[in-house]
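K.L.:
You'll find entry.txt just under this line, and it carries compact mmCIF, C-alpha atoms.
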# COMPACT_ATOMS: atom_id res chain seq x y z
CA MET A 1 83.15 91.08 93.32
CA ASN A 2 86.79 91.95 93.72
CA HIS A 3 86.68 95.05 91.63
CA VAL A 4 88.84 97.95 92.79
CA ASN A 5 87.52 101.34 91.76
CA PHE A 6 89.95 103.91 90.51
CA ASP A 7 89.50 106.95 88.34
CA GLU A 8 90.67 110.55 88.03
CA THR A 9 88.42 111.72 90.85
CA LEU A 10 90.62 109.65 93.16
CA ILE A 11 93.88 111.21 91.97
CA ILE A 12 95.05 114.27 93.86
CA ARG A 13 98.10 116.11 92.59
CA ASN A 14 99.96 118.80 94.52
CA LEU A 15 98.22 117.89 97.74
CA ASN A 16 99.29 120.45 100.28
CA GLY A 17 99.31 119.06 103.79
CA GLU A 18 101.35 119.97 106.84
CA SER A 19 101.27 116.51 108.35
CA SER A 20 100.40 112.94 107.56
CA SER A 21 97.07 113.36 109.39
CA GLU A 22 96.12 116.33 107.22
CA VAL A 23 96.96 114.37 104.09
CA LEU A 24 94.97 111.36 105.26
CA GLU A 25 92.00 113.50 106.24
CA TYR A 26 91.87 115.15 102.82
CA MET A 27 92.14 111.89 100.92
CA ALA A 28 89.60 110.15 103.13
CA ALA A 29 87.13 113.02 102.76
CA ASN A 30 87.44 112.72 98.99
CA LEU A 31 86.87 108.95 99.08
CA CYS A 32 83.83 109.63 101.24
CA LYS A 33 82.52 112.31 98.89
CA GLN A 34 82.85 109.88 95.98
CA GLY A 35 80.80 107.34 97.90
CA TYR A 36 83.43 104.64 98.49
CA VAL A 37 83.83 104.86 102.26
CA ARG A 38 81.80 105.70 105.34
CA GLU A 39 82.34 108.94 107.23
CA SER A 40 83.99 106.87 109.94
CA TYR A 41 86.80 105.91 107.53
CA ALA A 42 88.74 109.18 108.01
CA ASN A 43 89.16 108.87 111.76
CA ALA A 44 89.75 105.15 111.49
CA VAL A 45 92.52 105.48 108.92
CA ILE A 46 94.22 108.27 110.91
CA ALA A 47 94.04 106.32 114.15
CA ARG A 48 95.37 103.23 112.48
CA GLU A 49 98.25 105.13 110.90
CA GLU A 50 99.28 106.33 114.36
CA LYS A 51 99.26 102.82 115.70
CA PHE A 52 100.44 100.90 112.65
CA ALA A 53 102.45 103.22 110.43
CA THR A 54 102.44 102.52 106.70
CA GLY A 55 105.36 104.56 105.40
CA LEU A 56 107.78 102.62 103.21
CA PRO A 57 111.27 103.77 102.28
CA THR A 58 112.13 103.00 98.66
CA ASN A 59 115.10 103.66 96.42
CA GLY A 60 113.19 106.62 94.98
CA TYR A 61 110.37 108.65 96.50
CA GLY A 62 109.06 107.59 99.90
CA VAL A 63 105.58 106.05 99.78
CA ALA A 64 102.79 105.27 102.22
CA ILE A 65 99.86 102.87 101.94
CA PRO A 66 97.34 104.00 104.58
CA HIS A 67 94.34 101.71 105.02
CA THR A 68 92.02 100.47 107.73
CA ASP A 69 89.45 97.86 108.62
CA ILE A 70 86.94 96.75 106.02
CA GLU A 71 83.83 97.82 107.94
CA HIS A 72 84.50 101.47 107.07
CA VAL A 73 84.41 100.78 103.35
CA TYR A 74 81.41 100.51 101.01
CA LYS A 75 83.22 99.68 97.79
CA SER A 76 86.89 98.86 97.26
CA ALA A 77 88.86 101.74 95.81
CA ILE A 78 92.33 103.14 95.67
CA SER A 79 93.17 106.82 95.90
CA PHE A 80 96.52 108.24 94.83
CA ALA A 81 98.06 111.53 95.94
CA VAL A 82 101.26 113.32 95.05
CA LEU A 83 102.21 115.62 97.89
CA LYS A 84 103.32 119.14 97.09
CA ASN A 85 105.86 118.91 99.87
CA PRO A 86 106.77 115.54 101.35
CA VAL A 87 105.50 114.89 104.88
CA GLU A 88 106.81 112.47 107.47
CA PHE A 89 105.14 109.12 108.01
CA GLY A 90 106.22 106.48 110.46
CA VAL A 91 108.04 103.56 108.86
CA MET A 92 106.03 100.38 108.82
CA GLY A 93 107.10 98.05 111.60
CA GLU A 94 109.44 100.55 113.26
CA GLU A 95 108.78 102.35 116.49
CA PHE A 96 110.78 105.55 115.93
CA GLU A 97 111.91 105.66 112.31
CA LYS A 98 110.30 108.18 109.95
CA VAL A 99 110.25 108.40 106.19
CA SER A 100 109.66 111.46 104.06
CA VAL A 101 106.69 110.55 101.88
CA LYS A 102 105.90 112.02 98.46
CA LEU A 103 103.42 109.45 97.13
CA VAL A 104 100.40 108.20 99.04
CA PHE A 105 98.28 105.24 97.97
CA MET A 106 95.21 105.11 100.16
CA LEU A 107 93.63 101.69 100.05
CA ALA A 108 89.95 101.34 100.78
CA MET A 109 89.42 97.59 100.96
CA HIS A 110 86.02 96.05 101.20
CA ASP A 111 86.94 92.35 101.20
CA SER A 112 89.79 90.92 103.16
CA HIS A 113 92.38 88.74 101.42
CA SER A 114 90.99 89.46 97.97
CA GLN A 115 93.34 91.98 96.44
CA LEU A 116 96.57 90.03 96.39
CA LYS A 117 97.42 90.65 92.75
CA MET A 118 96.72 94.36 92.94
CA LEU A 119 98.78 94.69 96.11
CA GLN A 120 101.66 92.78 94.57
CA ASN A 121 101.53 95.05 91.54
CA LEU A 122 101.60 98.03 93.86
CA MET A 123 104.70 96.70 95.66
CA ALA A 124 106.32 96.18 92.25
CA ILE A 125 105.87 99.90 91.58
CA PHE A 126 107.61 100.67 94.88
CA GLN A 127 110.58 98.66 93.69
CA ASN A 128 110.78 100.45 90.35
CA GLU A 129 112.50 103.83 90.52
CA GLU A 130 111.40 104.77 87.02
CA ASP A 131 107.72 104.26 87.87
CA LEU A 132 108.06 106.21 91.11
CA GLN A 133 109.73 109.04 89.24
CA TYR A 134 106.93 109.09 86.66
CA LEU A 135 104.19 109.11 89.29
CA ALA A 136 105.88 111.89 91.27
CA THR A 137 106.44 114.21 88.34
CA GLU A 138 103.77 113.61 85.68
CA GLY A 139 101.49 116.66 85.54
CA CYS A 140 98.49 115.18 83.76
CA GLU A 141 95.86 113.30 85.76
CA SER A 142 94.63 111.17 82.88
CA LYS A 143 98.17 110.01 82.14
CA LEU A 144 98.65 109.17 85.81
CA ARG A 145 95.39 107.26 85.74
CA ASN A 146 96.41 105.30 82.66
CA LYS A 147 99.79 104.50 84.14
CA LEU A 148 98.30 103.17 87.37
CA VAL A 149 95.53 101.27 85.62
CA GLU A 150 98.18 99.58 83.51
CA LYS A 151 100.64 98.93 86.32
CA LEU A 152 98.03 97.74 88.81
CA ASN A 153 96.13 95.87 86.13
CA LEU A 154 92.88 97.57 87.07
CA THR A 155 90.67 96.91 84.11
CA ALA A 156 87.03 97.67 83.35
CA MET A 157 86.80 101.00 85.05
CA LYS A 158 83.30 102.21 85.79
CA GLY A 159 81.26 104.07 83.20
CA GLY A 160 82.31 104.27 79.60
CA GLU A 161 85.72 105.65 80.32
CA MET B 1 114.17 68.15 103.16
CA ILE B 2 112.94 69.21 106.54
CA ASN B 3 109.79 67.56 107.76
CA GLY B 4 109.15 69.05 111.18
CA ARG B 5 106.17 71.11 110.14
CA LYS B 6 106.44 74.59 111.60
CA THR B 7 103.65 77.05 112.16
CA VAL B 8 104.32 80.56 110.98
CA LEU B 9 102.07 83.47 111.88
CA VAL B 10 101.86 86.34 109.43
CA ALA B 11 100.38 89.47 110.94
CA CYS B 12 99.73 93.08 110.07
CA GLY B 13 97.60 95.79 111.61
CA ALA B 14 94.33 95.18 109.82
CA GLY B 15 95.07 91.68 108.57
CA ILE B 16 93.94 92.62 105.07
CA ALA B 17 96.69 94.24 103.05
CA THR B 18 100.35 93.78 103.81
CA SER B 19 99.95 90.42 105.49
CA THR B 20 98.24 89.16 102.32
CA VAL B 21 101.33 90.04 100.28
CA VAL B 22 103.70 88.65 102.89
CA CYS B 23 101.70 85.42 103.16
CA ASP B 24 101.96 84.80 99.45
CA ALA B 25 105.69 85.58 99.39
CA LEU B 26 106.21 83.21 102.28
CA GLU B 27 104.25 80.43 100.61
CA SER B 28 106.40 80.74 97.47
CA MET B 29 109.52 80.78 99.59
CA CYS B 30 108.52 77.60 101.39
CA LYS B 31 107.69 75.92 98.10
CA ASP B 32 111.03 76.93 96.57
CA ASN B 33 112.86 75.53 99.56
CA LYS B 34 110.65 72.44 99.88
CA LEU B 35 109.59 73.42 103.37
CA GLN B 36 106.20 72.39 104.66
CA CYS B 37 104.85 75.12 106.88
CA LYS B 38 101.49 75.93 108.24
CA ILE B 39 100.98 79.62 107.56
CA ILE B 40 98.33 81.53 109.49
CA GLN B 41 97.40 85.07 108.48
CA CYS B 42 95.98 87.28 111.19
CA LYS B 43 95.80 90.72 112.73
CA ILE B 44 98.59 91.57 115.14
CA THR B 45 95.99 91.75 117.93
CA GLU B 46 95.07 88.11 117.24
CA VAL B 47 98.62 86.81 117.65
CA PRO B 48 98.22 85.95 121.36
CA SER B 49 95.41 83.52 120.55
CA TYR B 50 97.74 81.57 118.24
CA ALA B 51 100.82 81.94 120.42
CA ASP B 52 100.76 78.42 121.84
CA GLN B 53 100.99 76.80 118.40
CA ALA B 54 103.37 79.23 116.65
CA ASP B 55 107.06 78.73 115.90
CA LEU B 56 107.64 82.08 114.26
CA LEU B 57 105.94 85.45 113.75
CA VAL B 58 106.53 87.34 110.53
CA THR B 59 105.03 90.79 110.66
CA THR B 60 104.92 94.25 109.12
CA THR B 61 104.02 96.02 112.36
CA ILE B 62 105.70 96.82 115.64
CA VAL B 63 105.53 94.02 118.18
CA LYS B 64 105.79 95.11 121.79
CA THR B 65 104.70 91.88 123.42
CA GLU B 66 107.34 89.30 124.29
CA TYR B 67 106.74 85.93 122.67
CA PRO B 68 108.55 82.63 123.16
CA PHE B 69 109.24 82.46 119.40
CA PRO B 70 111.26 84.69 117.04
CA VAL B 71 109.65 87.78 115.53
CA ILE B 72 110.85 88.92 112.12
CA ASN B 73 110.03 92.21 110.38
CA ALA B 74 108.85 91.46 106.85
CA ARG B 75 108.89 94.93 105.34
CA ALA B 76 111.48 93.81 102.76
CA PHE B 77 108.80 91.65 101.10
CA LEU B 78 107.03 94.93 100.30
CA THR B 79 109.92 97.21 99.38
CA GLY B 80 112.45 94.71 98.05
CA ILE B 81 115.11 96.45 100.15
CA GLY B 82 117.03 93.86 102.17
CA LEU B 83 115.02 90.98 100.72
CA ASP B 84 117.82 88.38 100.63
CA LYS B 85 118.69 89.06 104.24
CA LEU B 86 115.06 88.71 105.25
CA LYS B 87 114.65 85.42 103.41
CA GLY B 88 117.80 84.12 105.09
CA GLU B 89 116.49 85.05 108.53
CA ILE B 90 113.15 83.37 107.92
CA LEU B 91 114.70 80.20 106.52
CA GLU B 92 117.03 79.98 109.45
CA ALA B 93 114.16 80.38 111.90
CA ILE B 94 112.00 77.79 110.13
CA MET B 95 114.74 75.21 109.80
CA LYS B 96 115.95 75.55 113.36
Please go through the file and, once you have read it, give me the structure as structure tokens.

P.N.:
Amino acid sequence: MNHVNFDETLIIRNLNGESSSEVLEYMAANLCKQGYVRESYANAVIAREEKFATGLPTNGYGVAIPHTDIEHVYKSAISFAVLKNPVEFGVMGEEFEKVSVKLVFMLAMHDSHSQLKMLQNLMAIFQNEEDLQYLATEGCESKLRNKLVEKLNLTAMKGGE
Amino acid sequence: MINGRKTVLVACGAGIATSTVVCDALESMCKDNKLQCKIIQCKITEVPSYADQADLLVTTTIVKTEYPFPVINARAFLTGIGLDKLKGEILEAIMK
């Protein structure tokens, strides 16, 4: 089963965090509350972000794709947050560079190597200024959900949604 | 057509997300350029165990260890920024 769960409960708009750790903690706690990850996920994702930063500069809003090892995850899911005020994340692969991040895509992956298409679709969003603009400014969660479901090709959401 | 088969390591922090994308991009690149490479996907912490057979490391994370082969940052495969330059660097390293 390579299904990636995503619904409005995993979308957080106007997330108010002082630092990347605060943002990660909030998002991880929500994923935990929704039953997708273990309690250990929060600390693991924060520790991993410190060691292997996931911020990515784009030609629009800065993004980050925090994630961690599969053993902290029950069911694959993706959580999306729009930060009220951008916070600094380390740039992936750089020791000192920082990027001001507005959009956070937290990936909770349960199988390794299985989400190639979804990840490629995600990277395509990062290369599309119009999509980034939409995601950063749209005020309606269900529209955000529909946009991401379409762009990431996440079909057959749970329940009768 | 180059036939000296090179081994390329593709590594990220967890070995599950970004390296998966980079691996696929690299495979397409090799195909387009008719290069036969052995591509190994791993976590950055596993790189030392492959070091004796590798010709190149392509990675999305910081590498602090010194290796006897080139190390190339592959972030452009994710963001599209600087992609041509990255492809050029990788091709050059593989065809060397």

K.L.:
Need to verify the contact set: stretch 4-15 of chain B, 8 Å, all atoms listed in the file, exclusion of same-chain residues closer than 6 positions in sequence. Can you return it as an MDAnalysis selection string?

P.N.:
(chainID A and resid 48 52 68:69 112) or (chainID B and resid 22:23 35:45 47 50 53:61 94)

K.L.:
Dump as an MDAnalysis selection string the residues of chain B that approach chain A to within 9 Å, counting all atoms listed in the file.

P.N.:
chainID B and resid 12:21 24 59:63 73:75 77:81

K.L.:
Excluding A:Tyr41 and residues on its chain fewer than 3 positions from it, collect all residues at most 12 Å away from it, counting all atoms listed in the file, and give them as number ranges by chain.

P.N.:
A: 24-33, 35-38, 44-49, 66-74, 106-110

K.L.:
Which residue is closest to A:Leu144? Choose from A:Ser21, A:Arg13, A:Val4, A:Lys84 and count all atoms listed in the file.

P.N.:
A:Arg13

K.L.:
To one decimal place, how far is atom CA of A:Phe96 from atom CA of B:Pro70 in Å?

P.N.:
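Atom-to-atom, atom CA of A:Phe96 to atom CA of B:Pro70, that is 20.9 Å.
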
K.L.:
Would you give the centre and edge lengths, in Å to one decimal, of a box along x, y and z around the listed atoms of stretch 33-41 of chain A, with 3 Å added to each side, as lines of an AutoDock Vina configuration file?

P.N.:
center_x = 83.8
center_y = 108.5
center_z = 103.0
size_x = 12.0
size_y = 13.7
size_z = 20.0

K.L.:
Rounded to one decimal place, report the atom CA of B:Met29-atom CA of A:Lys98 distance in Å.

P.N.:
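Atom-to-atom, atom CA of B:Met29 to atom CA of A:Lys98, that is 29.3 Å.
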
K.L.:
Give me, please, the distance in Å between atom CA of A:Arg145 and atom CA of A:Glu18, quoted to one decimal.

P.N.:
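Computing the Euclidean distance for atom CA of A:Arg145 and atom CA of A:Glu18 yields 25.3 Å.
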
K.L.:
What's around A:Phe80 at 6 Å? Count all atoms listed in the file, leave out sequence neighbours fewer than 6 positions away in its own chain, and write the answer as a list in words.

P.N.:
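What passes the distance filter is Ile11, Val104 and Phe105 of chain A.
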
K.L.:
Using only C-alpha atoms, which protein or nucleic acid residues come within 12 Å of A:Cys140? Drop anything in the same chain fewer than 2 positions from it, and give the result as a ChimeraX atom specification.

P.N.:
/A:8,11-14,82,134-138,142-147

K.L.:
Print the selection's residues with C-alpha atoms to a file, as a PDB file, keeping the file's coordinate frame.

P.N.:
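Result saved to selection19.pdb:
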ATOM      1  CA  GLU A   8      90.670 110.550  88.030  1.00  0.00           C
ATOM      2  CA  ILE A  11      93.880 111.210  91.970  1.00  0.00           C
ATOM      3  CA  ILE A  12      95.050 114.270  93.860  1.00  0.00           C
ATOM      4  CA  ARG A  13      98.100 116.110  92.590  1.00  0.00           C
ATOM      5  CA  ASN A  14      99.960 118.800  94.520  1.00  0.00           C
ATOM      6  CA  VAL A  82     101.260 113.320  95.050  1.00  0.00           C
ATOM      7  CA  TYR A 134     106.930 109.090  86.660  1.00  0.00           C
ATOM      8  CA  LEU A 135     104.190 109.110  89.290  1.00  0.00           C
ATOM      9  CA  ALA A 136     105.880 111.890  91.270  1.00  0.00           C
ATOM     10  CA  THR A 137     106.440 114.210  88.340  1.00  0.00           C
ATOM     11  CA  GLU A 138     103.770 113.610  85.680  1.00  0.00           C
ATOM     12  CA  SER A 142      94.630 111.170  82.880  1.00  0.00           C
ATOM     13  CA  LYS A 143      98.170 110.010  82.140  1.00  0.00           C
ATOM     14  CA  LEU A 144      98.650 109.170  85.810  1.00  0.00           C
ATOM     15  CA  ARG A 145      95.390 107.260  85.740  1.00  0.00           C
ATOM     16  CA  ASN A 146      96.410 105.300  82.660  1.00  0.00           C
ATOM     17  CA  LYS A 147      99.790 104.500  84.140  1.00  0.00           C
TER      18      LYS A 147
END

K.L.:
Using all atoms listed in the file for the distances, tell me which of A:Asn153, A:Asn121, A:Ser20, A:Asn43 is nearest to A:Ser100.

P.N.:
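Using all atoms listed in the file, the shortest distance to A:Ser100 belongs to A:Ser20.
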
K.L.:
With 10 Å as the threshold, what does the neighbourhood of (107.9, 119.9, 103.8) contain in terms of residues, counting only C-alpha atoms? Coordinates are those of the file; answer as a CSV table (one decimal) with C-alpha atoms, in the coordinates of the input.

P.N.:
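So point_1.csv came out as:
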chain,number,residue,atom,x,y,z
A,16,ASN,CA,99.3,120.4,100.3
A,17,GLY,CA,99.3,119.1,103.8
A,18,GLU,CA,101.4,120.0,106.8
A,19,SER,CA,101.3,116.5,108.4
A,83,LEU,CA,102.2,115.6,97.9
A,84,LYS,CA,103.3,119.1,97.1
A,85,ASN,CA,105.9,118.9,99.9
A,86,PRO,CA,106.8,115.5,101.4
A,87,VAL,CA,105.5,114.9,104.9
A,88,GLU,CA,106.8,112.5,107.5
A,100,SER,CA,109.7,111.5,104.1
A,101,VAL,CA,106.7,110.6,101.9
A,102,LYS,CA,105.9,112.0,98.5
